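Reviewing the structure listed below.
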Amino acid sequence: MRMSQKDSFVKFEKVDKSYDGEILVVKDLNLDVPKGEFLTMLGPSGSGKTTVLMMLAGFETPTSGEIYLDGNPISSIPPNKRGIGMVFQNYALFPHMTVKENLAFPLEVRKMQKSEIDEKVGNALAMVELQDFGNRMPLQLSGGQQQRVALARSLVFEPRLVLMDEPLGALDKNLREQMQYEIKHIHEKIGITVVYVTHDQSEALTMSNRIAVFNDGKIQQISSPDILYEKPNSSFVAQFIGENNQLKGKVKSINGENCIVTTESGDDIHALKINVNNNGDGSLVSLRPERVAINSSENFENNFDAKVKELIYLGDHIRSRVEVCGNDQFIVKIPNSYKEANLKEGSTVKLSWKASDSRALDLN
Amino acid sequence: MNQSQTSTGPILTTDGIPLKVSLKKAERINKIRAFLLVLPLLAFILITFLVPIGDMLARSVDDRQINTVFPKTFEVYKKWDRQGLPSEEVYKTMFFELKNSEGYAVGKASTRMNYSKSGWKSLLKKSKRKFKKIEEGPFKEKMIATDKKWADPEYWLALGQMVDPTTMGYYLNAVDLKYDSSKNIVQQKENRRIYNKTWIKTFKVSLLVTLFCLLLGYPISYLLATLPMKYSNLLMICVLLPFWTSLLVRTVAWMVMLQQKGVLNNLLVMSNLIADENRFQLMYNQTAVVIVMTQILLPFMVLPLYSVMKTISPTYMRAALNLGASPMHAFYKIYMPNSVPGVSAGCLLVFIIAIGYYITPELVGGKDGQMVGNWIAYHLKTTLNWGLCASLGAILLAMMTVLYWAYNKIVGIENIKLG
């Protein structure tokens, strides 16, 4: 055995993929997925995440490198012999078969007994709460129901691993959120390993144990949702996950974990040094909108005067765009409480935030 | 608001007009406009398609020609008891009506009479000439003196078939049956039975052509539907290329290809695959008809197949593989059932076109490859037996209707997709 099974159920080792021999869609991918983990691959379209999933499912072959499943190389195993479940983007339910026949298909292919098939199909339908819909055709079901059938079908033959390729992309917002929880709960209940692909960050944050952020064929950062959100280690990740304020400047001085970045407007920002190395380097200081205090009496390392440009009423909070440190796209989220109700466009406010909340990242 | 809930009458618009009336009024202009848009086509179809078809269908049972040329004869003929020879009165009216009628009218009538009993045509032609010398009776004896056939009761009995203004005779004829002299339905004489053989041949050729089109067209359509756009466009042009070439040119090209001293046989002989004296007989027979018609009708199979296959998402196959099916099994269980609407549309289309095909069998079929369409053309142009043409055509039409009905029962017409 090449590696400890627990640490690495799925392993990508130095995987490259190119379709045309000119552009690498996936570059030197190394990834380990432990058993039972819900791993989400998140990234903009064209970032290579779906290609990675297709290589794992066996529909694409790696140009170089090797993929291991449970310690065994699988590049030469055809997709139908891999025993990996998959939920497709548009469900791919067979339109000429009833829901039951769809679910029975993978079991019939495995030459199971009729009674066993019936039992498993029944269980799978119960799992997604569609017991009464077994004899319907897929097109007679709503999008959410079709989605659940697809999910049940990918699990009915008890695969070791389930892949999901943007399975909720075609659903409307409410249904999508509901299904996110449903998938999460099923994963928790049966403890299966899931590799999930999406470009929707809130989906990724809701469901995953770990998220791998893809861009340009590479994993930019892979970590748990909270760390990804709070401690992005590159400006791409900071921008891609959640809302983010960016202040552009040059590194003035570095002091251990901290640094000072001077913006073009001449303001000095105290920040954590994340991936800047030398004085004079360009840097984007990243700061979450909710970490900024307005007219606070507390004393933080960063205190600046800002001009309110725009106020947008969003019910539970007021989103205000202000100009600070030469950036007029700076967003502050103000909770809708009595305290801040007197904010007006054009007025000047005091903004303050901690050095530990602002992260000096690369300038890309 | 409570008003509309409590009232039981029709729903009213705000100006108090019933909603349905108001809707109708609003839609009327659109309806008229739509009707006017299709009116030219409608008129065109009515005049050039429906009316001629109705006329042809009527001709297939129409039997009034003789009655108009020999009306009085038929009046007295009806009184005859059909025993022995008719009375002097029948001979007499026949004599005068024949003598005084226009030549072309007699020609038409005698053609029809000949269908019932061959010999009538020559008899009338000859007699009309000889009757000029006869001035007075007794007509029966004088007529028999000009030609012995006048004394043959068979001839007189055959006229009995034409008493009715309508006849099933043409339809009987189209399936190798006929009326005998006492109006019983009997088989044609052995050497005159041609149509049943032709019907069977027509069906056989059409089925073979449909089958070969499907066998050849299915893989091509699959490729077309699954290849990337830049290749599939090129392939599509190759499929459509025959459409841009004249049918006649293509058929003649096949004649050059397939004949005994043609390209194909020459190549086979040159490459020593067959001996010079064993050249294949590929032209002027059924084989030629099947080969050439398959090539000509292939696009009609490919296009509906392609348009249906284009809608089959490739993820179905991927899903099937992912669920553990082998590629063959996935194709058989998932792809093929989803392509059925295209298969049935293509087959129905090719079969319908093939069954009435005329020009290709005419050119490459020889004696052995003639189909029903060729007989229709032959009777239309050469023998001028339009009644038989009409009945052959009507049978063809009826067959297609039955086929269509059966198809609808088995597969369901809503499963047909042309795009």
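Each chain in the structure tokens gets a letter, A, B and so on, in the order shown; residues start at 1 in every chain, and ligands are counted from 1 in the order they appear.
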>> Near chain B, meaning an atom within 6 Å, which residues of chain A appear when counting only C-alpha atoms? Write them as a PyMOL selection string.
In response: chain A and resi 79-80+92+106+109
Prev. selection, C-alpha atoms, output as a PDB file, in the first residue's frame:
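Output (out.pdb):
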ATOM      1  CA  PRO A  79     -15.646   4.531 -16.203  1.00  0.00           C
ATOM      2  CA  ASN A  80     -18.105   1.642 -15.966  1.00  0.00           C
ATOM      3  CA  ALA A  92     -29.164  12.845 -16.848  1.00  0.00           C
ATOM      4  CA  PRO A 106     -27.188   0.258 -12.030  1.00  0.00           C
ATOM      5  CA  VAL A 109     -26.282  -3.992 -14.755  1.00  0.00           C
TER       6      VAL A 109
END
>> Run DSSP on the backbone and tell me which residues of segment 197-343 of chain A come out as strand (DSSP E); list them as a ChimeraX atom specification.
In response: /A:197-198,210-215,218-223,245-255,258-263,268-273,282-287,293-294,302-313,317-324,327-335
> If you count only C-alpha atoms, which residues fall within 8 Å of Arg64 of chain B, apart from same-chain ones fewer than 3 positions away, as a list in words?
Replying inline: Asn67, Thr68, Met162, Asp164, Pro165 and Thr166 of chain B
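Going from atom CA of Gly412 of chain B to atom CA of Gly346 of chain B covers 14.5 Å.
As for atom CA of Leu139 of chain A and atom CA of Val308 of chain B, they are spaced 17.3 Å apart.
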